[in-house]
Amino acid sequence: MPDIGSFLGNVLLGLQVATTPENLFYCFVGVFVGTVVGVLPGIGTLATMSLLLPFTFYLDPTPAIVMLAGVYYGSSYGGSTASILLNLPGSPSSAVVCLDGYPMSRQGRGGVALVMTAIASFIGGSIGIILMMLFSPAIADIGLKFNSPEYFSLMLLGLVAASMVSSGSPVKSVSMVVLGLIIGMVGVDTTSGMARFTFGFYQLWDGVSLVAIAMGIFGVAEVIASVRAIGPRHVDVKAFSFRALIPTRDDVRRSWMPALRGSAIGSFFGTLPGTGAIVASFMAYSVEKRVSRDPSRFGNGAIEGVVAPEASNNAADQTSFIPTFTLGIPGSVHMALILGIVMIHGITPGPSLMRESPDLFWGLVMSFWIGNIMLLVLNIPLVGLWIRLLAIPYQILYPAILMFMGIGIYSINNSIFDVMLVVVFGIIGYAMRILKFSAAPLLLGLVLGPLMEVNMRRSLLLSRGDFMVFIERPLSAAFIVATILLIVWVVWSSLRNASGTAAASAR
Amino acid sequence: MKHFTRSLAALALAAGATAAASGPSFSQDYPTDVVRIITGVAAGGSTDQTARMIAQELSVMWDSPVIVEPRPGGGGAISYETAYRAPDDGYTILLANTNTWYANEFLRSTPLPFSLNDDFIPIAAVYAQSLQLVARNGLGVSNLQELLDLLKERGDELSYGSFGVGSQQHVVAEMLFMAADVTPAVHIPYNGSQEVQRALLAEEVDFGFVGVAGGAAMVNEGQAVGLAVGGSERVPAVADVPTLTEALGFPFMAQAWFVLMVRDGTPEHIVTKLREDLGQLMASADFQEKYLLPQNFEPLPLVGEALEQRIQSEREDYSAAAEALGITLE
């Protein structure tokens, strides 16, 4: 904990930098572009940041980063909009919001979901920023305690926690996890350099695009299903009234704890390079389902399932700046791009950044917070506009969606192959829907599987094949013990339930 | 579709307020349309950034839009194939990393259906990016000789990190073990240079090659020990760290460099113009000071014969090393 005097001095310095008209202007441009990019499915945040890059050569480093960072975290705000209204994830980290956000929208509560996500995003972002202000160097040090064995054990815990609490048939859920793990294996194996399940396509060397899968399984499947649905859709006019946007007292009561838990989870994963917002949002969702008294509500429009992942991915967006600035190690390509700008302007990222360029560091931190406020102010009124998307007739809306998806996915890697993947996964997603397989475990296996595998094999390479490495290190051992306790508890409680009513065991 | 993409991209460029707005120039016959620079990496990385800097400067110089088209994947192979399948009219320029080029040429068990060497004409080298050999603090070595002594003694107990199997960091490290005649340390592949840096800070691996820029920050902060840099000269950011050649006493380079190429068959006058314009740009002090030096990239204004010679001699070295080391990629 830094001493209060210098801390306040830094905050004031930061505010001074962040509130110059120039920085405010670029902050607004950034978050506005970010929101728009986030709402449009698949238009890559990274591609947008790259397009803006040449422009930043003419700017000072602070406004340049303020703007690009605004695009980055702004897109997370917008990313959930299409997920909730149209079942169409704008980015992988907002895929998880589809699970409960879209059902809410079907129940005429899309406006509430959007308002709550904007608020949750703000809470998550703010908590991430506060942590960044208070504990940046300390958090970066904790991050370094995580070596491969810890990564593996943590991912194992996450996967077990998520897959063991699932509504519906456990067999179906486990089989979806396994399918996710298999799809996650596609590509060149890091450890051996061999291509797996690529069937001779170079396009699969880097794995199956997560965006393509999310778009296919949620978006395209939704479109196919709607084609088969007979009869005109009812548009509930009440859904567009201002009243329909106001969350009920029950919504608020249910949401504040998930928002805080989500923020905590997101803040943690944001600081772990290689995991970030995607893992954070899935973990937050799994935790909410785990702690909920009635897990069956999840997947049917539970507000907790919308709020927690949104708070989480926004908190992760903010805390991912911590390793970038304090260690000079970017956790994601987005961060690498921002580091590149810092360097082009002759500033060395690393532990000395906070010391040597305090105006840059604190100016950025404060501008992130101002950006979050702008996003909140920008997004809540926009909800009224977005919700009207639902009033567009299917025959116009759905072809438009397909077109946007096609352009979006193509723009990421300039790859027709990825467009085809969306179609393939759309068909798979539709089949899963008919057969009542849930998408959550599949995505979870897909996201966590590759991280787990590569860290397990790396740990074993480093230990020269000794499995003890996972229990000799205290942090790793703690995660393993937690995993075992979790399994024991789940088995015990299901046995207890089985001896009780048959209805309880049917879950 | 291609024209659609081009005009879309041109539109995006105009919207980005980058191109000079005075309209295309008709005083010359090239370029009269959008020129695209194909890269093999996803948007956002340092190669992408450099490509965008070049595109930016060229569009000003030519008064005609130049765009960057990232075609990531397949260890560079997708970008090569895209450039190979494009018409040989000079409107598609490939920005190739020589290391992924050599890896694709010499390490793959199933060769690509075309050759970067035979089917492309090198136009100009862009810049070189040296690697830096860095050891974790806890290893207790302070220079390259101490590391080599340690490797001789118990090399099989040490681990080093690399960018991945068949990556430059991997191949260079193995070449170093061979050249210095020491016991090779165990290779731990990571997904990128940043992960290797992180592993060194977390003391997960003992040593490894990292990009000179990222390495410089670690070394100057005392978070890791800089043992040697891989260029022909020392790097200003870590002036105390010797080059590998100095530390070893014989020539040894660990450098990635980038080259702009066009499809074989491109009309002669376009090749000449590209060589002149790009050569001039790469040699300009303004370009070097603005874009290359701040990122610790080493300017490498090579064109024509000198460029082709460097490529041929490196290919021979690489091919010999690849055979001796037995590293293969799918």
# chains A, B, ... in the order shown; residues from 1 in each chain; ligands from 1
call {"tool": "interface_residues", "arguments": {"of": "chain B", "to": "chain A", "cutoff": "6 Å", "atoms": "only C-alpha atoms", "output": "PyMOL selection string"}}
result
chain B and resi 43-45+71+73-74+165+189+194+202+294-295+329-330
call {"tool": "write_last_selection", "arguments": {"atoms": "all heavy atoms", "output": "mmCIF file, in the first residue's frame"}}
result
data_model
loop_
_atom_site.group_PDB
_atom_site.id
_atom_site.type_symbol
_atom_site.label_atom_id
_atom_site.label_comp_id
_atom_site.auth_asym_id
_atom_site.auth_seq_id
_atom_site.Cartn_x
_atom_site.Cartn_y
_atom_site.Cartn_z
ATOM 1 N N ALA B 43 -2.769 -8.757 -37.124
ATOM 2 C CA ALA B 43 -2.683 -7.317 -36.921
ATOM 3 C C ALA B 43 -2.260 -7.035 -35.489
ATOM 4 O O ALA B 43 -2.672 -7.719 -34.573
ATOM 5 C CB ALA B 43 -4.045 -6.690 -37.194
ATOM 6 N N GLY B 44 -1.417 -6.043 -35.324
ATOM 7 C CA GLY B 44 -1.088 -5.598 -33.975
ATOM 8 C C GLY B 44 0.340 -5.840 -33.532
ATOM 9 O O GLY B 44 0.857 -5.100 -32.726
ATOM 10 N N GLY B 45 0.990 -6.869 -34.046
ATOM 11 C CA GLY B 45 2.352 -7.168 -33.609
ATOM 12 C C GLY B 45 3.369 -6.208 -34.221
ATOM 13 O O GLY B 45 3.017 -5.312 -34.978
ATOM 14 N N ARG B 71 -2.277 -11.793 -43.229
ATOM 15 C CA ARG B 71 -2.745 -13.145 -43.532
ATOM 16 C C ARG B 71 -2.044 -14.097 -42.592
ATOM 17 O O ARG B 71 -1.134 -14.828 -43.005
ATOM 18 C CB ARG B 71 -2.394 -13.507 -44.976
ATOM 19 C CG ARG B 71 -3.127 -12.696 -46.007
ATOM 20 C CD ARG B 71 -4.482 -13.295 -46.268
ATOM 21 N NE ARG B 71 -5.170 -12.548 -47.314
ATOM 22 C CZ ARG B 71 -6.170 -13.060 -48.026
ATOM 23 N NH1 ARG B 71 -6.567 -14.300 -47.812
ATOM 24 N NH2 ARG B 71 -6.764 -12.328 -48.932
ATOM 25 N N GLY B 73 -1.122 -17.159 -39.928
ATOM 26 C CA GLY B 73 -1.397 -18.585 -39.855
ATOM 27 C C GLY B 73 -0.416 -19.430 -40.629
ATOM 28 O O GLY B 73 0.272 -18.956 -41.536
ATOM 29 N N GLY B 74 -0.362 -20.698 -40.236
ATOM 30 C CA GLY B 74 0.489 -21.641 -40.931
ATOM 31 C C GLY B 74 1.965 -21.290 -40.866
ATOM 32 O O GLY B 74 2.714 -21.619 -41.773
ATOM 33 N N VAL B 165 8.599 -24.702 -31.343
ATOM 34 C CA VAL B 165 9.443 -25.643 -32.072
ATOM 35 C C VAL B 165 9.740 -25.098 -33.463
ATOM 36 O O VAL B 165 8.828 -24.694 -34.180
ATOM 37 C CB VAL B 165 8.754 -27.015 -32.186
ATOM 38 C CG1 VAL B 165 9.591 -27.962 -33.023
ATOM 39 C CG2 VAL B 165 8.516 -27.593 -30.815
ATOM 40 N N PRO B 189 9.250 -25.127 -25.262
ATOM 41 C CA PRO B 189 8.603 -24.198 -26.210
ATOM 42 C C PRO B 189 7.486 -23.386 -25.558
ATOM 43 O O PRO B 189 6.714 -23.914 -24.761
ATOM 44 C CB PRO B 189 8.006 -25.136 -27.271
ATOM 45 C CG PRO B 189 8.386 -26.515 -26.882
ATOM 46 C CD PRO B 189 8.808 -26.508 -25.461
ATOM 47 N N GLN B 194 6.825 -13.038 -25.642
ATOM 48 C CA GLN B 194 6.440 -12.483 -24.352
ATOM 49 C C GLN B 194 6.353 -13.564 -23.278
ATOM 50 O O GLN B 194 6.678 -13.336 -22.132
ATOM 51 C CB GLN B 194 5.097 -11.763 -24.459
ATOM 52 C CG GLN B 194 5.235 -10.334 -24.882
ATOM 53 C CD GLN B 194 5.195 -10.195 -26.384
ATOM 54 O OE1 GLN B 194 4.580 -11.003 -27.052
ATOM 55 N NE2 GLN B 194 5.842 -9.183 -26.904
ATOM 56 N N ALA B 202 9.830 -15.130 -14.028
ATOM 57 C CA ALA B 202 9.296 -16.034 -13.014
ATOM 58 C C ALA B 202 10.301 -17.135 -12.692
ATOM 59 O O ALA B 202 10.002 -18.026 -11.899
ATOM 60 C CB ALA B 202 7.972 -16.631 -13.495
ATOM 61 N N PRO B 294 13.665 3.735 -32.356
ATOM 62 C CA PRO B 294 12.981 3.676 -31.054
ATOM 63 C C PRO B 294 12.611 2.263 -30.629
ATOM 64 O O PRO B 294 12.497 1.983 -29.446
ATOM 65 C CB PRO B 294 11.716 4.515 -31.274
ATOM 66 C CG PRO B 294 12.008 5.373 -32.438
ATOM 67 C CD PRO B 294 12.966 4.622 -33.291
ATOM 68 N N GLN B 295 12.412 1.363 -31.586
ATOM 69 C CA GLN B 295 12.037 -0.004 -31.225
ATOM 70 C C GLN B 295 13.255 -0.909 -31.154
ATOM 71 O O GLN B 295 13.120 -2.137 -31.112
ATOM 72 C CB GLN B 295 11.051 -0.572 -32.253
ATOM 73 C CG GLN B 295 9.854 0.299 -32.462
ATOM 74 C CD GLN B 295 8.648 -0.514 -32.830
ATOM 75 O OE1 GLN B 295 8.148 -1.282 -32.044
ATOM 76 N NE2 GLN B 295 8.193 -0.376 -34.063
ATOM 77 N N LEU B 329 9.306 -29.836 -38.799
ATOM 78 C CA LEU B 329 7.976 -29.289 -38.585
ATOM 79 C C LEU B 329 7.040 -30.051 -39.492
ATOM 80 O O LEU B 329 7.426 -30.438 -40.580
ATOM 81 C CB LEU B 329 7.939 -27.830 -39.013
ATOM 82 C CG LEU B 329 8.483 -26.797 -38.061
ATOM 83 C CD1 LEU B 329 8.403 -25.452 -38.725
ATOM 84 C CD2 LEU B 329 7.673 -26.804 -36.795
ATOM 85 N N GLU B 330 5.802 -30.203 -39.025
ATOM 86 C CA GLU B 330 4.789 -30.830 -39.864
ATOM 87 C C GLU B 330 4.581 -29.987 -41.105
ATOM 88 O O GLU B 330 4.476 -28.771 -41.015
ATOM 89 C CB GLU B 330 3.492 -30.906 -39.048
ATOM 90 C CG GLU B 330 2.305 -31.370 -39.813
ATOM 91 C CD GLU B 330 2.196 -32.869 -39.920
ATOM 92 O OE1 GLU B 330 2.846 -33.563 -39.122
ATOM 93 O OE2 GLU B 330 1.480 -33.334 -40.818
#
call {"tool": "residues_around", "arguments": {"residues": "Leu158 (chain B)", "least_positions_apart": "3", "cutoff": "10 Å", "atoms": "only C-alpha atoms", "output": "ChimeraX atom specification"}}
result
/A:462 /B:139,150-151,154-155,183-187,205-207
call {"tool": "atom_distance", "arguments": {"atom1": "CA of Thr50 (chain B)", "atom2": "CA of Thr62 (chain A)"}}
result
20.6 Å
call {"tool": "residues_around", "arguments": {"residues": "Phe28 (chain A)", "least_positions_apart": "2", "cutoff": "12 Å", "atoms": "only C-alpha atoms", "output": "PyMOL selection string"}}
result
chain A and resi 18-19+21-26+30-35+63+66-71+74+367-378
call {"tool": "closest_residue", "arguments": {"among": "A:Ile322, A:Ile487, A:Val220, A:Val97", "to": "Phe268 (chain A)", "atoms": "only C-alpha atoms"}}
result
A:Ile322
call {"tool": "residues_around", "arguments": {"residues": "Glu57 (chain B)", "least_positions_apart": "5", "cutoff": "9 Å", "atoms": "only C-alpha atoms", "output": "number ranges by chain"}}
result
B: 52, 62, 66, 281, 287
call {"tool": "residues_around", "arguments": {"residues": "Val291 (chain A)", "least_positions_apart": "6", "cutoff": "12 Å", "atoms": "only C-alpha atoms", "output": "number ranges by chain"}}
result
A: 161-162, 165, 257-258, 261, 284-285, 298, 304-305
call {"tool": "write_last_selection", "arguments": {"atoms": "N, CA and C atoms", "output": "compact mmCIF listing (two decimals), in the first residue's frame"}}
result
# COMPACT_ATOMS: atom_id res chain seq x y z
N ALA A 161 -14.83 -27.49 -11.84
CA ALA A 161 -15.90 -26.70 -11.21
C ALA A 161 -17.01 -26.43 -12.21
N ALA A 162 -16.64 -26.11 -13.42
CA ALA A 162 -17.65 -25.73 -14.40
C ALA A 162 -18.40 -26.94 -14.92
N VAL A 165 -21.15 -28.74 -12.49
CA VAL A 165 -22.44 -28.13 -12.21
C VAL A 165 -23.07 -27.80 -13.53
N MET A 257 -23.96 -8.90 -5.72
CA MET A 257 -22.90 -9.84 -5.34
C MET A 257 -22.21 -10.44 -6.57
N PRO A 258 -23.00 -10.95 -7.55
CA PRO A 258 -22.33 -11.46 -8.76
C PRO A 258 -21.42 -10.42 -9.42
N ARG A 261 -18.29 -10.39 -7.28
CA ARG A 261 -17.51 -11.63 -7.47
C ARG A 261 -16.89 -11.66 -8.86
N ALA A 284 -16.24 -16.64 -14.21
CA ALA A 284 -17.21 -15.91 -13.42
C ALA A 284 -18.59 -16.55 -13.55
N TYR A 285 -18.91 -16.96 -14.78
CA TYR A 285 -20.21 -17.61 -15.01
C TYR A 285 -20.30 -18.91 -14.22
N PHE A 298 -30.02 -20.98 -14.47
CA PHE A 298 -29.01 -20.56 -15.43
C PHE A 298 -29.28 -21.18 -16.80
N GLU A 304 -27.89 -13.07 -12.95
CA GLU A 304 -26.53 -13.28 -12.44
C GLU A 304 -25.59 -13.75 -13.55
N GLY A 305 -26.13 -14.57 -14.46
CA GLY A 305 -25.32 -15.13 -15.54
C GLY A 305 -24.96 -14.09 -16.59
